[in-house]
>>> print(open('coords-v1.pdb').read())   # PDB, C-alpha atoms and all ligand atoms
ATOM      1  CA  MET T   1      84.505  99.413  92.257  1.00  0.00           C
ATOM      2  CA  VAL T   2      88.053  98.073  92.185  1.00  0.00           C
ATOM      3  CA  ARG T   3      87.711  94.296  92.294  1.00  0.00           C
ATOM      4  CA  ILE T   4      90.297  92.497  94.427  1.00  0.00           C
ATOM      5  CA  ALA T   5      91.258  88.809  94.450  1.00  0.00           C
ATOM      6  CA  ILE T   6      93.398  87.448  97.266  1.00  0.00           C
ATOM      7  CA  LEU T   7      95.695  84.445  96.750  1.00  0.00           C
ATOM      8  CA  ALA T   8      96.583  82.599  99.946  1.00  0.00           C
ATOM      9  CA  SER T   9      97.977  79.216 100.957  1.00  0.00           C
ATOM     10  CA  GLY T  10      97.765  79.273 104.747  1.00  0.00           C
ATOM     11  CA  SER T  11      95.799  80.333 107.773  1.00  0.00           C
ATOM     12  CA  GLY T  12      94.645  83.506 106.072  1.00  0.00           C
ATOM     13  CA  THR T  13      94.865  86.036 108.886  1.00  0.00           C
ATOM     14  CA  ASN T  14      96.032  88.707 106.419  1.00  0.00           C
ATOM     15  CA  ALA T  15      93.260  87.746 103.999  1.00  0.00           C
ATOM     16  CA  GLN T  16      90.792  88.117 106.862  1.00  0.00           C
ATOM     17  CA  GLN T  17      92.042  91.637 107.662  1.00  0.00           C
ATOM     18  CA  LEU T  18      91.757  92.582 104.006  1.00  0.00           C
ATOM     19  CA  MET T  19      88.241  91.143 103.631  1.00  0.00           C
ATOM     20  CA  GLY T  20      87.162  93.018 106.756  1.00  0.00           C
ATOM     21  CA  HIS T  21      88.802  96.273 105.674  1.00  0.00           C
ATOM     22  CA  PHE T  22      87.086  96.319 102.297  1.00  0.00           C
ATOM     23  CA  GLN T  23      83.686  95.111 103.483  1.00  0.00           C
ATOM     24  CA  GLY T  24      81.220  97.884 102.667  1.00  0.00           C
ATOM     25  CA  HIS T  25      84.094 100.005 101.306  1.00  0.00           C
ATOM     26  CA  ALA T  26      83.278 102.859  98.928  1.00  0.00           C
ATOM     27  CA  THR T  27      85.806 102.063  96.193  1.00  0.00           C
ATOM     28  CA  ALA T  28      86.958  98.423  96.447  1.00  0.00           C
ATOM     29  CA  GLU T  29      85.757  94.970  97.352  1.00  0.00           C
ATOM     30  CA  VAL T  30      87.357  91.573  97.834  1.00  0.00           C
ATOM     31  CA  VAL T  31      85.334  89.491  95.396  1.00  0.00           C
ATOM     32  CA  LEU T  32      87.372  86.268  95.373  1.00  0.00           C
ATOM     33  CA  ILE T  33      89.726  84.249  97.542  1.00  0.00           C
ATOM     34  CA  CYS T  34      91.949  81.816  95.629  1.00  0.00           C
ATOM     35  CA  SER T  35      93.799  79.037  97.414  1.00  0.00           C
ATOM     36  CA  ASP T  36      96.076  76.229  96.321  1.00  0.00           C
ATOM     37  CA  LYS T  37      95.504  74.412  99.634  1.00  0.00           C
ATOM     38  CA  PRO T  38      91.962  73.043 100.031  1.00  0.00           C
ATOM     39  CA  ARG T  39      92.419  72.485 103.757  1.00  0.00           C
ATOM     40  CA  ALA T  40      93.975  75.887 104.446  1.00  0.00           C
ATOM     41  CA  GLY T  41      92.345  78.069 107.096  1.00  0.00           C
ATOM     42  CA  VAL T  42      91.808  80.787 104.523  1.00  0.00           C
ATOM     43  CA  ALA T  43      89.062  78.751 102.811  1.00  0.00           C
ATOM     44  CA  GLN T  44      87.063  78.657 106.070  1.00  0.00           C
ATOM     45  CA  ARG T  45      87.670  82.371 106.620  1.00  0.00           C
ATOM     46  CA  ALA T  46      86.339  83.115 103.120  1.00  0.00           C
ATOM     47  CA  TRP T  47      83.279  80.986 103.842  1.00  0.00           C
ATOM     48  CA  ASP T  48      82.678  82.802 107.134  1.00  0.00           C
ATOM     49  CA  MET T  49      82.916  86.192 105.386  1.00  0.00           C
ATOM     50  CA  GLY T  50      80.667  85.118 102.501  1.00  0.00           C
ATOM     51  CA  VAL T  51      83.406  85.581  99.907  1.00  0.00           C
ATOM     52  CA  PRO T  52      83.647  82.928  97.142  1.00  0.00           C
ATOM     53  CA  CYS T  53      86.712  80.710  97.352  1.00  0.00           C
ATOM     54  CA  TYR T  54      88.289  79.248  94.228  1.00  0.00           C
ATOM     55  CA  LEU T  55      90.547  76.239  94.796  1.00  0.00           C
ATOM     56  CA  PHE T  56      93.231  75.412  92.263  1.00  0.00           C
ATOM     57  CA  ASN T  57      96.362  73.283  91.971  1.00  0.00           C
ATOM     58  CA  GLY T  58      99.853  73.970  90.668  1.00  0.00           C
ATOM     59  CA  ALA T  59      98.936  72.883  87.134  1.00  0.00           C
ATOM     60  CA  ALA T  60      96.043  75.368  87.000  1.00  0.00           C
ATOM     61  CA  LEU T  61      98.415  78.138  88.063  1.00  0.00           C
ATOM     62  CA  LYS T  62     100.901  77.281  85.304  1.00  0.00           C
ATOM     63  CA  ASP T  63      98.526  76.500  82.425  1.00  0.00           C
ATOM     64  CA  GLY T  64      96.474  79.712  82.671  1.00  0.00           C
ATOM     65  CA  THR T  65      93.337  78.240  84.266  1.00  0.00           C
ATOM     66  CA  LEU T  66      93.659  80.482  87.314  1.00  0.00           C
ATOM     67  CA  LEU T  67      94.370  83.509  85.110  1.00  0.00           C
ATOM     68  CA  HIS T  68      91.220  82.721  83.117  1.00  0.00           C
ATOM     69  CA  GLU T  69      89.218  82.602  86.368  1.00  0.00           C
ATOM     70  CA  LEU T  70      90.623  85.957  87.491  1.00  0.00           C
ATOM     71  CA  GLU T  71      89.656  87.461  84.148  1.00  0.00           C
ATOM     72  CA  ALA T  72      86.181  85.930  84.348  1.00  0.00           C
ATOM     73  CA  TYR T  73      85.769  87.658  87.716  1.00  0.00           C
ATOM     74  CA  ARG T  74      86.984  90.947  86.134  1.00  0.00           C
ATOM     75  CA  ILE T  75      89.696  91.271  88.779  1.00  0.00           C
ATOM     76  CA  ASP T  76      91.567  94.602  88.868  1.00  0.00           C
ATOM     77  CA  LEU T  77      94.066  93.863  91.629  1.00  0.00           C
ATOM     78  CA  VAL T  78      95.615  90.595  92.833  1.00  0.00           C
ATOM     79  CA  VAL T  79      96.803  90.574  96.443  1.00  0.00           C
ATOM     80  CA  LEU T  80      99.055  87.775  97.654  1.00  0.00           C
ATOM     81  CA  ALA T  81      98.642  87.115 101.368  1.00  0.00           C
ATOM     82  CA  GLY T  82     100.721  84.134 102.423  1.00  0.00           C
ATOM     83  CA  PHE T  83     100.781  82.620  98.936  1.00  0.00           C
ATOM     84  CA  MET T  84     103.710  80.248  98.539  1.00  0.00           C
ATOM     85  CA  ARG T  85     104.014  79.617  94.790  1.00  0.00           C
ATOM     86  CA  LEU T  86     105.796  81.556  92.078  1.00  0.00           C
ATOM     87  CA  ILE T  87     103.469  83.701  89.940  1.00  0.00           C
ATOM     88  CA  PRO T  88     103.870  82.751  86.244  1.00  0.00           C
ATOM     89  CA  VAL T  89     105.086  85.423  83.855  1.00  0.00           C
ATOM     90  CA  GLU T  90     101.791  85.344  81.915  1.00  0.00           C
ATOM     91  CA  MET T  91      99.947  86.456  85.033  1.00  0.00           C
ATOM     92  CA  VAL T  92     102.519  89.166  85.797  1.00  0.00           C
ATOM     93  CA  LEU T  93     102.016  90.514  82.266  1.00  0.00           C
ATOM     94  CA  ALA T  94      98.219  90.301  82.531  1.00  0.00           C
ATOM     95  CA  PHE T  95      98.282  92.410  85.745  1.00  0.00           C
ATOM     96  CA  PRO T  96     101.052  94.968  85.238  1.00  0.00           C
ATOM     97  CA  ASP T  97     101.872  96.589  88.627  1.00  0.00           C
ATOM     98  CA  ARG T  98      98.609  95.093  89.841  1.00  0.00           C
ATOM     99  CA  ILE T  99      99.917  92.160  91.914  1.00  0.00           C
ATOM    100  CA  THR T 100     101.171  92.793  95.441  1.00  0.00           C
ATOM    101  CA  ASN T 101     102.839  90.547  97.994  1.00  0.00           C
ATOM    102  CA  ILE T 102     103.631  90.778 101.670  1.00  0.00           C
ATOM    103  CA  HIS T 103     106.826  89.250 102.989  1.00  0.00           C
ATOM    104  CA  PRO T 104     107.629  88.758 106.683  1.00  0.00           C
ATOM    105  CA  ALA T 105     111.158  90.229 106.603  1.00  0.00           C
ATOM    106  CA  LEU T 106     113.069  93.254 105.387  1.00  0.00           C
ATOM    107  CA  LEU T 107     113.735  92.359 101.751  1.00  0.00           C
ATOM    108  CA  PRO T 108     116.121  91.905 100.031  1.00  0.00           C
ATOM    109  CA  LYS T 109     117.226  90.005 103.124  1.00  0.00           C
ATOM    110  CA  TYR T 110     115.630  86.615 103.762  1.00  0.00           C
ATOM    111  CA  GLY T 111     113.721  86.409 100.490  1.00  0.00           C
ATOM    112  CA  GLY T 112     113.673  83.966  97.601  1.00  0.00           C
ATOM    113  CA  LYS T 113     112.516  80.420  96.997  1.00  0.00           C
ATOM    114  CA  GLY T 114     111.767  78.481 100.173  1.00  0.00           C
ATOM    115  CA  MET T 115     111.737  81.640 102.294  1.00  0.00           C
ATOM    116  CA  PHE T 116     108.220  81.743 103.638  1.00  0.00           C
ATOM    117  CA  GLY T 117     106.475  81.749 106.985  1.00  0.00           C
ATOM    118  CA  GLU T 118     108.448  80.280 109.854  1.00  0.00           C
ATOM    119  CA  HIS T 119     111.470  79.506 107.634  1.00  0.00           C
ATOM    120  CA  VAL T 120     112.016  83.251 107.371  1.00  0.00           C
ATOM    121  CA  HIS T 121     111.803  83.836 111.120  1.00  0.00           C
ATOM    122  CA  LYS T 122     114.105  80.893 111.893  1.00  0.00           C
ATOM    123  CA  ALA T 123     116.693  82.230 109.442  1.00  0.00           C
ATOM    124  CA  VAL T 124     116.477  85.735 110.961  1.00  0.00           C
ATOM    125  CA  LEU T 125     116.986  84.301 114.463  1.00  0.00           C
ATOM    126  CA  ALA T 126     119.811  81.983 113.346  1.00  0.00           C
ATOM    127  CA  ALA T 127     121.644  84.971 111.834  1.00  0.00           C
ATOM    128  CA  GLY T 128     121.405  86.876 115.129  1.00  0.00           C
ATOM    129  CA  GLU T 129     119.619  89.828 113.540  1.00  0.00           C
ATOM    130  CA  LYS T 130     118.655  92.634 115.918  1.00  0.00           C
ATOM    131  CA  GLU T 131     115.822  93.753 113.693  1.00  0.00           C
ATOM    132  CA  SER T 132     113.302  92.287 111.270  1.00  0.00           C
ATOM    133  CA  GLY T 133     110.091  93.590 109.769  1.00  0.00           C
ATOM    134  CA  ILE T 134     107.706  93.455 106.856  1.00  0.00           C
ATOM    135  CA  THR T 135     107.945  94.282 103.166  1.00  0.00           C
ATOM    136  CA  ILE T 136     105.038  94.957 100.816  1.00  0.00           C
ATOM    137  CA  HIS T 137     106.086  94.891  97.186  1.00  0.00           C
ATOM    138  CA  LEU T 138     104.897  94.541  93.620  1.00  0.00           C
ATOM    139  CA  VAL T 139     105.239  91.042  92.181  1.00  0.00           C
ATOM    140  CA  ASN T 140     107.348  90.152  89.191  1.00  0.00           C
ATOM    141  CA  GLU T 141     108.264  86.724  87.814  1.00  0.00           C
ATOM    142  CA  ARG T 142     110.975  86.177  90.443  1.00  0.00           C
ATOM    143  CA  TYR T 143     110.408  85.442  94.130  1.00  0.00           C
ATOM    144  CA  ASP T 144     110.401  88.581  96.310  1.00  0.00           C
ATOM    145  CA  GLU T 145     112.159  90.850  93.786  1.00  0.00           C
ATOM    146  CA  GLY T 146     109.474  93.307  92.663  1.00  0.00           C
ATOM    147  CA  GLN T 147     109.484  97.007  93.505  1.00  0.00           C
ATOM    148  CA  VAL T 148     109.208  97.674  97.237  1.00  0.00           C
ATOM    149  CA  LEU T 149     106.172  99.768  98.172  1.00  0.00           C
ATOM    150  CA  PHE T 150     106.418  99.750 101.953  1.00  0.00           C
ATOM    151  CA  GLN T 151     108.659  98.491 104.749  1.00  0.00           C
ATOM    152  CA  ALA T 152     108.392  98.660 108.525  1.00  0.00           C
ATOM    153  CA  ALA T 153     110.908  97.324 111.029  1.00  0.00           C
ATOM    154  CA  CYS T 154     110.574  95.797 114.484  1.00  0.00           C
ATOM    155  CA  PRO T 155     113.115  94.607 117.046  1.00  0.00           C
ATOM    156  CA  VAL T 156     114.192  90.991 117.392  1.00  0.00           C
ATOM    157  CA  LEU T 157     114.381  90.381 121.142  1.00  0.00           C
ATOM    158  CA  PRO T 158     116.977  88.115 122.781  1.00  0.00           C
ATOM    159  CA  GLU T 159     114.274  85.807 124.165  1.00  0.00           C
ATOM    160  CA  ASP T 160     112.414  85.499 120.819  1.00  0.00           C
ATOM    161  CA  ASP T 161     111.675  82.144 119.254  1.00  0.00           C
ATOM    162  CA  ALA T 162     110.150  81.831 115.770  1.00  0.00           C
ATOM    163  CA  ASP T 163     106.599  81.929 117.162  1.00  0.00           C
ATOM    164  CA  ALA T 164     107.178  85.107 119.165  1.00  0.00           C
ATOM    165  CA  LEU T 165     108.787  86.852 116.214  1.00  0.00           C
ATOM    166  CA  ALA T 166     106.023  85.629 113.879  1.00  0.00           C
ATOM    167  CA  ALA T 167     103.377  87.058 116.216  1.00  0.00           C
ATOM    168  CA  ARG T 168     105.073  90.485 116.251  1.00  0.00           C
ATOM    169  CA  ILE T 169     105.396  90.454 112.475  1.00  0.00           C
ATOM    170  CA  HIS T 170     101.818  89.293 111.944  1.00  0.00           C
ATOM    171  CA  ALA T 171     100.521  92.203 114.030  1.00  0.00           C
ATOM    172  CA  MET T 172     102.499  94.621 111.825  1.00  0.00           C
ATOM    173  CA  GLU T 173     101.207  92.964 108.666  1.00  0.00           C
ATOM    174  CA  HIS T 174      97.612  93.278 109.831  1.00  0.00           C
ATOM    175  CA  ALA T 175      98.156  96.932 110.739  1.00  0.00           C
ATOM    176  CA  HIS T 176      99.728  97.940 107.418  1.00  0.00           C
ATOM    177  CA  TYR T 177      98.685  95.678 104.527  1.00  0.00           C
ATOM    178  CA  PRO T 178      95.063  96.886 104.184  1.00  0.00           C
ATOM    179  CA  ALA T 179      96.210 100.545 104.165  1.00  0.00           C
ATOM    180  CA  VAL T 180      98.891  99.920 101.545  1.00  0.00           C
ATOM    181  CA  VAL T 181      96.404  98.007  99.361  1.00  0.00           C
ATOM    182  CA  GLU T 182      93.969 100.881  99.794  1.00  0.00           C
ATOM    183  CA  GLY T 183      96.650 103.234  98.440  1.00  0.00           C
ATOM    184  CA  ILE T 184      96.958 101.077  95.313  1.00  0.00           C
ATOM    185  CA  VAL T 185      93.169 100.957  94.989  1.00  0.00           C
ATOM    186  CA  ASN T 186      93.106 104.763  95.046  1.00  0.00           C
ATOM    187  CA  SER T 187      95.744 105.018  92.334  1.00  0.00           C
ATOM    188  CA  ILE T 188      93.817 102.520  90.160  1.00  0.00           C
ATOM    189  CA  ARG T 189      90.623 104.520  90.682  1.00  0.00           C
ATOM    190  CA  ASP T 190      92.396 107.809  89.878  1.00  0.00           C
ATOM    191  CA  LYS T 191      93.766 106.339  86.631  1.00  0.00           C
ATOM    192  CA  THR T 192      90.298 105.064  85.701  1.00  0.00           C
ATOM    193  CA  VAL T 193      88.764 108.513  86.281  1.00  0.00           C
ATOM    194  CA  GLU T 194      91.474 110.351  84.237  1.00  0.00           C
TER     195      GLU T 194
HETATM  196  C1  LIG T 201     102.522  86.044 106.508  1.00  0.00           C
HETATM  197  O1  LIG T 201     103.394  86.287 107.573  1.00  0.00           O
HETATM  198  C2  LIG T 201     103.165  86.451 105.199  1.00  0.00           C
HETATM  199  O2  LIG T 201     104.026  87.535 105.307  1.00  0.00           O
HETATM  200  C3  LIG T 201     103.931  85.209 104.852  1.00  0.00           C
HETATM  201  O3  LIG T 201     103.071  84.147 105.188  1.00  0.00           O
HETATM  202  C4  LIG T 201     102.309  84.539 106.326  1.00  0.00           C
HETATM  203  C5  LIG T 201     100.868  84.195 106.061  1.00  0.00           C
HETATM  204  O4  LIG T 201     100.093  84.369 107.213  1.00  0.00           O
HETATM  205  N1  LIG T 201     104.296  85.196 103.450  1.00  0.00           N
HETATM  206  C6  LIG T 201     105.431  84.698 103.001  1.00  0.00           C
HETATM  207  O5  LIG T 201     106.253  84.170 103.722  1.00  0.00           O
HETATM  208  C7  LIG T 201     105.647  84.857 101.512  1.00  0.00           C
HETATM  209  N2  LIG T 201     106.993  84.545 101.144  1.00  0.00           N
HETATM  210  P1  LIG T 201      98.516  84.361 107.131  1.00  0.00           P
HETATM  211  O6  LIG T 201      98.086  83.127 106.344  1.00  0.00           O
HETATM  212  O7  LIG T 201      98.072  84.274 108.553  1.00  0.00           O
HETATM  213  O8  LIG T 201      98.075  85.622 106.462  1.00  0.00           O
END
>>> encode(input="coords-v1.pdb", output="structure tokens", more="lines below")
Ligand code: GAR
Amino acid sequence: MVRIAILASGSGTNAQQLMGHFQGHATAEVVLICSDKPRAGVAQRAWDMGVPCYLFNGAALKDGTLLHELEAYRIDLVVLAGFMRLIPVEMVLAFPDRITNIHPALLPKYGGKGMFGEHVHKAVLAAGEKESGITIHLVNERYDEGQVLFQAACPVLPEDDADALAARIHAMEHAHYPAVVEGIVNSIRDKTVE
């Protein structure tokens, strides 16, 4: 089995989709949710799904404590789903091409430090963009700059506010992220079998 850990800071709707997708799956399982926000919705969602939730703070991310936990759980693939902190270089090196992120815009536009959640949608609307979308990419040591694996676009409508745009984007994320992660799982499994 390919063992997946999800890192999340927020409500956790993407984490929920991923946990559901891989429940009873033949080749992968979500074995751990990791959150830097003890009161985040994702912790409750993990509880409801019976998946262990590991809570950590910024120091534990930087000093290798989280990395140690991921190794103790024999994690093969780290999936960021609404995780707001920068991944330290040590973790990037420990999981080469094995950390993914989802971003609620068409990178390289509207990425970088501070560009998360509603800040992204507000910036897209303020710029008068006619289209936005989602990007799923590999994670390197810089915000939102790793290799793009998947993008899908959607219209920005004249009457949209940040909530309306966020809802459209969330629906796309839920539709695509589990399938893209499954593709990575298959390539990990194929390499293991070789
Ligand atoms: C998602 O829209 C995700 O793309 C975004 O946070 C939201 C989390 O929602 N991530 C970023 O902005 C990363 N820069 P969720 O907690 O409901 O899954």
>>> atom_distance(input="coords-v1.pdb", atom1="atom CA of Leu7 of chain T", atom2="atom CA of Gly112 of chain T")
18.0 Å
>>> residues_near_point(input="coords-v1.pdb", point="(103.5, 85.9, 83.3)", cutoff="12 Å", atoms="all atoms listed in the file", output="PyMOL selection string")
chain T and resi 61-64+66-67+86-96+99+139-142
>>> atom_distance(input="coords-v1.pdb", atom1="atom CA of Ala28 of chain T", atom2="atom CA of Ser187 of chain T")
11.7 Å
>>> closest_atom_pairs(input="coords-v1.pdb", of="chain T", to="ligand LIG 201 (chain T)", cutoff="9 Å", atoms="all atoms listed in the file", output="Markdown table")
| residue | atom | partner | partner_atom | distance |
| --- | --- | --- | --- | --- |
| T:Ala8 | CA | T:LIG201 | O6 | 6.6 |
| T:Ser9 | CA | T:LIG201 | O6 | 6.7 |
| T:Gly10 | CA | T:LIG201 | O6 | 4.2 |
| T:Ser11 | CA | T:LIG201 | O6 | 3.9 |
| T:Gly12 | CA | T:LIG201 | O6 | 3.5 |
| T:Thr13 | CA | T:LIG201 | O7 | 3.7 |
| T:Asn14 | CA | T:LIG201 | O8 | 3.7 |
| T:Ala15 | CA | T:LIG201 | O8 | 5.8 |
| T:Gln16 | CA | T:LIG201 | O8 | 7.7 |
| T:Gln17 | CA | T:LIG201 | O8 | 8.6 |
| T:Ala40 | CA | T:LIG201 | O6 | 8.5 |
| T:Gly41 | CA | T:LIG201 | O6 | 7.7 |
| T:Val42 | CA | T:LIG201 | O6 | 6.9 |
| T:Leu80 | CA | T:LIG201 | C7 | 8.2 |
| T:Ala81 | CA | T:LIG201 | O8 | 5.3 |
| T:Gly82 | CA | T:LIG201 | O3 | 3.6 |
| T:Phe83 | CA | T:LIG201 | C7 | 5.9 |
| T:Met84 | CA | T:LIG201 | C7 | 5.8 |
| T:Arg85 | CA | T:LIG201 | N2 | 8.6 |
| T:Asn101 | CA | T:LIG201 | C7 | 7.3 |
| T:Ile102 | CA | T:LIG201 | O2 | 4.9 |
| T:His103 | CA | T:LIG201 | O2 | 4.0 |
| T:Pro104 | CA | T:LIG201 | O2 | 4.0 |
| T:Ala105 | CA | T:LIG201 | O2 | 7.7 |
| T:Gly111 | CA | T:LIG201 | N2 | 7.0 |
| T:Gly112 | CA | T:LIG201 | N2 | 7.6 |
| T:Lys113 | CA | T:LIG201 | N2 | 8.0 |
| T:Gly114 | CA | T:LIG201 | N2 | 7.8 |
| T:Met115 | CA | T:LIG201 | N2 | 5.7 |
| T:Phe116 | CA | T:LIG201 | O5 | 3.1 |
| T:Gly117 | CA | T:LIG201 | O5 | 4.1 |
| T:Glu118 | CA | T:LIG201 | O5 | 7.6 |
| T:His119 | CA | T:LIG201 | O5 | 8.0 |
| T:Val120 | CA | T:LIG201 | O5 | 6.9 |
| T:Ile134 | CA | T:LIG201 | O2 | 7.1 |
| T:Thr135 | CA | T:LIG201 | O2 | 8.1 |
| T:Ile136 | CA | T:LIG201 | O2 | 8.7 |
| T:Tyr143 | CA | T:LIG201 | N2 | 7.9 |
| T:Asp144 | CA | T:LIG201 | N2 | 7.2 |
| T:Ala166 | CA | T:LIG201 | O1 | 6.9 |
| T:Ala167 | CA | T:LIG201 | O1 | 8.7 |
| T:Ile169 | CA | T:LIG201 | O1 | 6.7 |
| T:His170 | CA | T:LIG201 | O1 | 5.5 |
| T:Glu173 | CA | T:LIG201 | O2 | 7.0 |
| T:His174 | CA | T:LIG201 | O8 | 8.4 |
>>> atom_distance(input="coords-v1.pdb", atom1="atom CA of Leu70 of chain T", atom2="atom CA of Thr27 of chain T")
18.9 Å
>>> residues_around(input="coords-v1.pdb", residues="Met19 of chain T", least_positions_apart="6", cutoff="8 Å", atoms="only C-alpha atoms", output="PyMOL selection string")
chain T and resi 29-30+49
>>> closest_residue(input="coords-v1.pdb", among="T:Glu145, T:Ala152, T:Lys130, T:Ala43", to="Ala171 of chain T", atoms="only C-alpha atoms")
T:Ala152
>>> closest_residue(input="coords-v1.pdb", among="T:Ala60, T:Cys53, T:Ala127, T:Ala5", to="Val79 of chain T", atoms="all atoms listed in the file")
T:Ala5
>>> closest_residue(input="coords-v1.pdb", among="T:Ala126, T:Val185, T:Ala153, T:Leu18", to="Met172 of chain T", atoms="all atoms listed in the file")
T:Ala153
>>> axis_aligned_box(input="coords-v1.pdb", around="segment 9-16 of chain T", padding_each_side="6 Å", output="JSON")
{"center_x": 94.4, "center_y": 84.0, "center_z": 104.9, "size_x": 19.2, "size_y": 21.5, "size_z": 19.9}
>>> closest_residue(input="coords-v1.pdb", among="T:Phe150, T:Glu159, T:Asp190, T:Arg3", to="Glu71 of chain T", atoms="all atoms listed in the file")
T:Arg3
>>> decode(input="coords-v1.pdb", residues="segment 109-120 of chain T", atoms="N, CA, C and O atoms", output="compact mmCIF listing (two decimals), in the first residue's frame")
# COMPACT_ATOMS: atom_id res chain seq x y z
N LYS T 109 0.26 32.64 -12.01
CA LYS T 109 -0.47 33.82 -11.54
C LYS T 109 -1.02 33.58 -10.13
O LYS T 109 -1.47 32.48 -9.81
N TYR T 110 -1.02 34.61 -9.34
CA TYR T 110 -1.64 34.61 -8.01
C TYR T 110 -1.10 33.53 -7.08
O TYR T 110 -1.85 32.87 -6.36
N GLY T 111 0.22 33.33 -7.15
CA GLY T 111 0.87 32.42 -6.21
C GLY T 111 1.84 33.19 -5.33
O GLY T 111 1.95 34.41 -5.41
N GLY T 112 2.53 32.45 -4.48
CA GLY T 112 3.55 33.05 -3.61
C GLY T 112 3.06 33.26 -2.20
O GLY T 112 1.92 32.97 -1.85
N LYS T 113 3.97 33.78 -1.38
CA LYS T 113 3.69 33.97 0.05
C LYS T 113 2.45 34.85 0.24
O LYS T 113 2.30 35.87 -0.45
N GLY T 114 1.59 34.45 1.14
CA GLY T 114 0.40 35.24 1.44
C GLY T 114 -0.76 34.97 0.50
O GLY T 114 -1.88 35.43 0.73
N MET T 115 -0.49 34.25 -0.59
CA MET T 115 -1.56 33.96 -1.56
C MET T 115 -2.20 32.62 -1.21
O MET T 115 -1.76 31.56 -1.68
N PHE T 116 -3.20 32.67 -0.37
CA PHE T 116 -3.92 31.44 -0.05
C PHE T 116 -5.39 31.78 0.17
O PHE T 116 -5.75 32.92 0.49
N GLY T 117 -6.21 30.77 -0.03
CA GLY T 117 -7.64 30.87 0.23
C GLY T 117 -8.27 32.11 -0.39
O GLY T 117 -8.04 32.41 -1.56
N GLU T 118 -9.02 32.83 0.40
CA GLU T 118 -9.79 33.96 -0.14
C GLU T 118 -8.92 35.10 -0.66
O GLU T 118 -9.35 35.87 -1.52
N HIS T 119 -7.67 35.19 -0.15
CA HIS T 119 -6.77 36.24 -0.67
C HIS T 119 -6.55 36.07 -2.17
O HIS T 119 -6.45 37.04 -2.91
N VAL T 120 -6.47 34.81 -2.59
CA VAL T 120 -6.27 34.51 -4.01
C VAL T 120 -7.49 34.98 -4.80
O VAL T 120 -7.36 35.70 -5.80
